[in-house]
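S.K.: Structure file model-v1.pdb (PDB, C-alpha atoms, pLDDT in the B column) right here:
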ATOM      1  CA  MET A   1      -2.190  22.673   8.236  1.00 44.00           C
ATOM      2  CA  LYS A   2       1.035  21.096   6.987  1.00 50.00           C
ATOM      3  CA  LYS A   3       1.136  18.794  10.021  1.00 50.00           C
ATOM      4  CA  THR A   4      -2.307  17.378   9.132  1.00 47.00           C
ATOM      5  CA  PHE A   5      -1.159  16.773   5.557  1.00 53.00           C
ATOM      6  CA  ASN A   6       1.851  14.791   6.740  1.00 81.00           C
ATOM      7  CA  LYS A   7      -0.375  12.710   9.003  1.00 91.00           C
ATOM      8  CA  GLY A   8      -2.622  11.900   6.037  1.00 91.00           C
ATOM      9  CA  ILE A   9       0.351  10.789   3.956  1.00 89.00           C
ATOM     10  CA  ILE A  10       1.690   8.564   6.717  1.00 93.00           C
ATOM     11  CA  LEU A  11      -1.730   6.990   7.279  1.00 95.00           C
ATOM     12  CA  MET A  12      -2.126   6.333   3.547  1.00 95.00           C
ATOM     13  CA  ILE A  13       1.311   4.689   3.313  1.00 94.00           C
ATOM     14  CA  VAL A  14       0.399   2.468   6.271  1.00 97.00           C
ATOM     15  CA  SER A  15      -2.866   1.651   4.486  1.00 97.00           C
ATOM     16  CA  ALA A  16      -0.976   0.666   1.325  1.00 97.00           C
ATOM     17  CA  PHE A  17       1.399  -1.504   3.366  1.00 98.00           C
ATOM     18  CA  LEU A  18      -1.445  -3.284   5.169  1.00 98.00           C
ATOM     19  CA  THR A  19      -3.479  -3.956   2.031  1.00 97.00           C
ATOM     20  CA  ALA A  20      -0.444  -5.287   0.146  1.00 97.00           C
ATOM     21  CA  ASN A  21       0.341  -7.620   3.028  1.00 98.00           C
ATOM     22  CA  GLY A  22      -3.295  -8.676   3.240  1.00 97.00           C
ATOM     23  CA  GLN A  23      -3.105  -9.725  -0.393  1.00 96.00           C
ATOM     24  CA  LEU A  24       0.114 -11.601   0.330  1.00 97.00           C
ATOM     25  CA  PHE A  25      -1.690 -13.670   2.939  1.00 96.00           C
ATOM     26  CA  TRP A  26      -4.465 -14.392   0.442  1.00 95.00           C
ATOM     27  CA  LYS A  27      -1.767 -15.681  -1.895  1.00 94.00           C
ATOM     28  CA  PHE A  28      -0.353 -17.817   0.920  1.00 94.00           C
ATOM     29  CA  SER A  29      -3.810 -19.325   1.452  1.00 93.00           C
ATOM     30  CA  GLN A  30      -3.857 -20.430  -2.175  1.00 90.00           C
ATOM     31  CA  THR A  31      -0.501 -22.164  -1.913  1.00 85.00           C
ATOM     32  CA  ASN A  32      -0.930 -23.881   1.457  1.00 85.00           C
ATOM     33  CA  GLY A  33      -4.734 -24.102   1.726  1.00 82.00           C
ATOM     34  CA  ARG A  34      -4.884 -22.710   5.257  1.00 87.00           C
ATOM     35  CA  PHE A  35      -8.032 -20.820   6.149  1.00 90.00           C
ATOM     36  CA  MET A  36      -6.130 -18.838   8.786  1.00 95.00           C
ATOM     37  CA  ASN A  37      -4.193 -17.050   6.035  1.00 95.00           C
ATOM     38  CA  ILE A  38      -7.453 -15.914   4.431  1.00 95.00           C
ATOM     39  CA  PHE A  39      -8.605 -14.582   7.800  1.00 96.00           C
ATOM     40  CA  ILE A  40      -5.303 -12.760   8.415  1.00 97.00           C
ATOM     41  CA  GLY A  41      -5.485 -11.330   4.895  1.00 97.00           C
ATOM     42  CA  PHE A  42      -8.979  -9.959   5.484  1.00 97.00           C
ATOM     43  CA  LEU A  43      -7.904  -8.561   8.844  1.00 98.00           C
ATOM     44  CA  LEU A  44      -4.921  -6.730   7.337  1.00 98.00           C
ATOM     45  CA  TYR A  45      -7.009  -5.516   4.408  1.00 96.00           C
ATOM     46  CA  GLY A  46      -9.699  -4.260   6.783  1.00 97.00           C
ATOM     47  CA  PHE A  47      -7.187  -2.381   8.904  1.00 98.00           C
ATOM     48  CA  GLY A  48      -5.780  -0.925   5.678  1.00 97.00           C
ATOM     49  CA  ALA A  49      -9.245   0.378   4.815  1.00 97.00           C
ATOM     50  CA  LEU A  50      -9.589   1.937   8.263  1.00 97.00           C
ATOM     51  CA  PHE A  51      -6.237   3.677   7.940  1.00 97.00           C
ATOM     52  CA  MET A  52      -7.349   4.969   4.537  1.00 97.00           C
ATOM     53  CA  ILE A  53     -10.542   6.421   6.030  1.00 96.00           C
ATOM     54  CA  PHE A  54      -8.535   8.191   8.735  1.00 96.00           C
ATOM     55  CA  ALA A  55      -6.059   9.435   6.130  1.00 95.00           C
ATOM     56  CA  PHE A  56      -8.842  11.035   4.094  1.00 94.00           C
ATOM     57  CA  LYS A  57      -9.808  13.005   7.195  1.00 93.00           C
ATOM     58  CA  ASN A  58      -6.331  14.529   7.163  1.00 90.00           C
ATOM     59  CA  GLY A  59      -5.711  15.520   3.583  1.00 87.00           C
ATOM     60  CA  GLU A  60      -6.913  15.961   0.033  1.00 87.00           C
ATOM     61  CA  LEU A  61      -8.361  12.977  -1.807  1.00 88.00           C
ATOM     62  CA  SER A  62      -6.572  13.951  -5.026  1.00 84.00           C
ATOM     63  CA  VAL A  63      -3.211  13.832  -3.244  1.00 85.00           C
ATOM     64  CA  LEU A  64      -3.746  10.930  -0.861  1.00 89.00           C
ATOM     65  CA  TYR A  65      -5.478   8.349  -3.031  1.00 90.00           C
ATOM     66  CA  PRO A  66      -2.671   8.112  -5.609  1.00 88.00           C
ATOM     67  CA  LEU A  67      -0.411   7.112  -2.705  1.00 89.00           C
ATOM     68  CA  MET A  68      -2.173   3.739  -2.777  1.00 92.00           C
ATOM     69  CA  CYS A  69       0.063   3.040  -5.783  1.00 91.00           C
ATOM     70  CA  ILE A  70       2.782   2.514  -3.214  1.00 92.00           C
ATOM     71  CA  SER A  71       1.077  -0.807  -2.519  1.00 94.00           C
ATOM     72  CA  TYR A  72       2.520  -1.949  -5.881  1.00 93.00           C
ATOM     73  CA  ILE A  73       5.981  -1.362  -4.469  1.00 93.00           C
ATOM     74  CA  PHE A  74       5.160  -3.338  -1.330  1.00 96.00           C
ATOM     75  CA  ALA A  75       3.652  -6.129  -3.452  1.00 96.00           C
ATOM     76  CA  LEU A  76       6.790  -6.274  -5.619  1.00 95.00           C
ATOM     77  CA  ILE A  77       8.986  -6.540  -2.535  1.00 96.00           C
ATOM     78  CA  ASN A  78       6.686  -9.164  -0.985  1.00 97.00           C
ATOM     79  CA  GLY A  79       6.750 -11.212  -4.173  1.00 96.00           C
ATOM     80  CA  TYR A  80      10.520 -11.105  -4.276  1.00 97.00           C
ATOM     81  CA  VAL A  81      11.135 -11.796  -0.579  1.00 97.00           C
ATOM     82  CA  PHE A  82       8.374 -14.270   0.258  1.00 95.00           C
ATOM     83  CA  LEU A  83       7.446 -15.881  -3.064  1.00 95.00           C
ATOM     84  CA  GLY A  84      10.779 -15.983  -4.854  1.00 95.00           C
ATOM     85  CA  GLU A  85       9.543 -13.894  -7.783  1.00 95.00           C
ATOM     86  CA  THR A  86      12.067 -12.111  -9.965  1.00 97.00           C
ATOM     87  CA  ILE A  87      12.266  -8.354 -10.403  1.00 96.00           C
ATOM     88  CA  SER A  88      12.956  -7.221 -13.942  1.00 96.00           C
ATOM     89  CA  ILE A  89      14.354  -3.937 -15.158  1.00 97.00           C
ATOM     90  CA  TYR A  90      10.829  -3.079 -16.340  1.00 97.00           C
ATOM     91  CA  ASN A  91       9.528  -3.589 -12.801  1.00 95.00           C
ATOM     92  CA  LEU A  92      12.184  -1.229 -11.472  1.00 95.00           C
ATOM     93  CA  ILE A  93      11.425   1.397 -14.127  1.00 96.00           C
ATOM     94  CA  GLY A  94       7.732   1.141 -13.285  1.00 93.00           C
ATOM     95  CA  ILE A  95       8.449   1.598  -9.595  1.00 93.00           C
ATOM     96  CA  LEU A  96      10.548   4.679 -10.338  1.00 94.00           C
ATOM     97  CA  ILE A  97       7.709   6.127 -12.408  1.00 94.00           C
ATOM     98  CA  ILE A  98       5.249   5.480  -9.568  1.00 90.00           C
ATOM     99  CA  ILE A  99       7.558   7.209  -7.081  1.00 90.00           C
ATOM    100  CA  LEU A 100       8.012  10.158  -9.431  1.00 92.00           C
ATOM    101  CA  GLY A 101       4.258  10.466  -9.991  1.00 87.00           C
ATOM    102  CA  VAL A 102       3.421  10.311  -6.303  1.00 84.00           C
ATOM    103  CA  THR A 103       6.090  12.914  -5.567  1.00 83.00           C
ATOM    104  CA  LEU A 104       4.771  15.262  -8.234  1.00 84.00           C
ATOM    105  CA  LEU A 105       1.202  14.903  -6.983  1.00 77.00           C
ATOM    106  CA  GLY A 106       2.353  15.637  -3.452  1.00 71.00           C
ATOM    107  CA  LYS A 107       4.089  18.819  -4.605  1.00 71.00           C
ATOM    108  CA  GLU A 108       0.860  19.972  -6.255  1.00 62.00           C
ATOM    109  CA  SER A 109      -1.038  19.870  -2.967  1.00 59.00           C
ATOM    110  CA  LYS A 110      -2.775  23.030  -1.778  1.00 52.00           C
ATOM    111  CA  LEU A 111      -2.011  22.236   1.862  1.00 47.00           C
TER     112      LEU A 111
END
For the structure just supplied, provide its representation as structure tokens.

M.R.:
Amino acid sequence: MKKTFNKGIILMIVSAFLTANGQLFWKFSQTNGRFMNIFIGFLLYGFGALFMIFAFKNGELSVLYPLMCISYIFALINGYVFLGETISIYNLIGILIIILGVTLLGKESKL
């Protein structure tokens, strides 16, 4: 059963990555006005939703869904790398709290 749980976690992390990148492309569409970026954003977001559905087949909702908070980490990195946004100490503290919370929820799993 542990193997299934790990698969669910991996699928949910992939889902978070895809949805965060989908939102990045939506942001790109607002800055350069290209429709293609909106389309790519929806495509990535849709694949993220599919990965989430498959993840829920392989684990507990109460453990897997909070992993979507990892998308905040991906969004912070995307903002820094692709949009030139700054990362403050408060952002870093928030990210650490998210990581701690996700870790604690994962430890509480019945799998």

S.K.: For Phe17 of chain A, list every protein, DNA or RNA residue within 7 Å, evaluated using only C-alpha atoms, and leave out those in the same chain fewer than 4 positions away; present the list as a ChimeraX atom specification.

M.R.: /A:13,21,71,74

S.K.: Separation of atom CA of Ala16 of chain A and atom CA of Ile70 of chain A, in Å?

M.R.: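 One can read the atom CA of Ala16 of chain A to atom CA of Ile70 of chain A distance as 6.2 Å.
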
S.K.: One decimal, in Å: what's the spacing between atom CA of Trp26 of chain A and atom CA of Tyr65 of chain A?

M.R.: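 Going from atom CA of Trp26 of chain A over to atom CA of Tyr65 of chain A, I get 23.0 Å.
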
S.K.: Kindly list the centre and edge lengths in Å, rounded to one decimal, for the axis-aligned box that covers all listed atoms of segment 65-73 of chain A plus 5 Å on each of its six sides, as lines of an AutoDock Vina configuration file.

M.R.:
center_x = 0.3
center_y = 3.2
center_z = -4.2
size_x = 21.5
size_y = 20.3
size_z = 13.4

S.K.: Enumerate, as an MDAnalysis selection string, the protein, DNA and RNA residues whose atoms approach (1.0, 11.4, 0.0) to within 8 Å, taking into account only C-alpha atoms and the coordinate frame of the file.

M.R.: chainID A and resid 6 8:10 12:13 63:67 102:103 105:106

S.K.: Using all atoms listed in the file, find the one residue out of A:Leu11, A:Val81, A:Leu24, A:Leu61 that sits nearest to Phe47 of chain A.

M.R.: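 Of the candidates, the smallest distance to Phe47 of chain A is held by A:Leu11.
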
S.K.: How would you write, as an MDAnalysis selection string, the residues chosen by the PyMOL selection byres ((chain A and resi 27) around 12) on this structure?

M.R.: chainID A and resid 20:26 28:42 75 78:79 82:83

S.K.: Let me see the file: selected residues, C-alpha atoms, as a short mmCIF file (atom, residue, chain, number, x, y, z; two decimals), keeping the file's coordinate frame.

M.R.:
data_model
loop_
_atom_site.label_atom_id
_atom_site.label_comp_id
_atom_site.auth_asym_id
_atom_site.auth_seq_id
_atom_site.Cartn_x
_atom_site.Cartn_y
_atom_site.Cartn_z
CA ALA A 20 -0.44 -5.29 0.15
CA ASN A 21 0.34 -7.62 3.03
CA GLY A 22 -3.30 -8.68 3.24
CA GLN A 23 -3.10 -9.72 -0.39
CA LEU A 24 0.11 -11.60 0.33
CA PHE A 25 -1.69 -13.67 2.94
CA TRP A 26 -4.46 -14.39 0.44
CA PHE A 28 -0.35 -17.82 0.92
CA SER A 29 -3.81 -19.32 1.45
CA GLN A 30 -3.86 -20.43 -2.17
CA THR A 31 -0.50 -22.16 -1.91
CA ASN A 32 -0.93 -23.88 1.46
CA GLY A 33 -4.73 -24.10 1.73
CA ARG A 34 -4.88 -22.71 5.26
CA PHE A 35 -8.03 -20.82 6.15
CA MET A 36 -6.13 -18.84 8.79
CA ASN A 37 -4.19 -17.05 6.04
CA ILE A 38 -7.45 -15.91 4.43
CA PHE A 39 -8.60 -14.58 7.80
CA ILE A 40 -5.30 -12.76 8.41
CA GLY A 41 -5.48 -11.33 4.89
CA PHE A 42 -8.98 -9.96 5.48
CA ALA A 75 3.65 -6.13 -3.45
CA ASN A 78 6.69 -9.16 -0.98
CA GLY A 79 6.75 -11.21 -4.17
CA PHE A 82 8.37 -14.27 0.26
CA LEU A 83 7.45 -15.88 -3.06
#

S.K.: Please compute the atom CA of Met68 of chain A-atom CA of Ala55 of chain A distance, one decimal, in Å.

M.R.: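 Distance reported for this atom pair: 11.3 Å.
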
S.K.: Where does the PyMOL selection byres ((chain A and resi 48) around 8) land in this file, that is, which residues does it pick, as an MDAnalysis selection string?

M.R.: chainID A and resid 14:19 44:47 49:52

S.K.: Mind checking which residues fall within 12 Å of Ile97 of chain A, counting only C-alpha atoms, ignoring those fewer than 6 positions away in the same chain, and posting them as a list in words?

M.R.: Cys69, Ile70, Tyr72, Ile73, Tyr90, Asn91, Thr103 and Leu104 of chain A
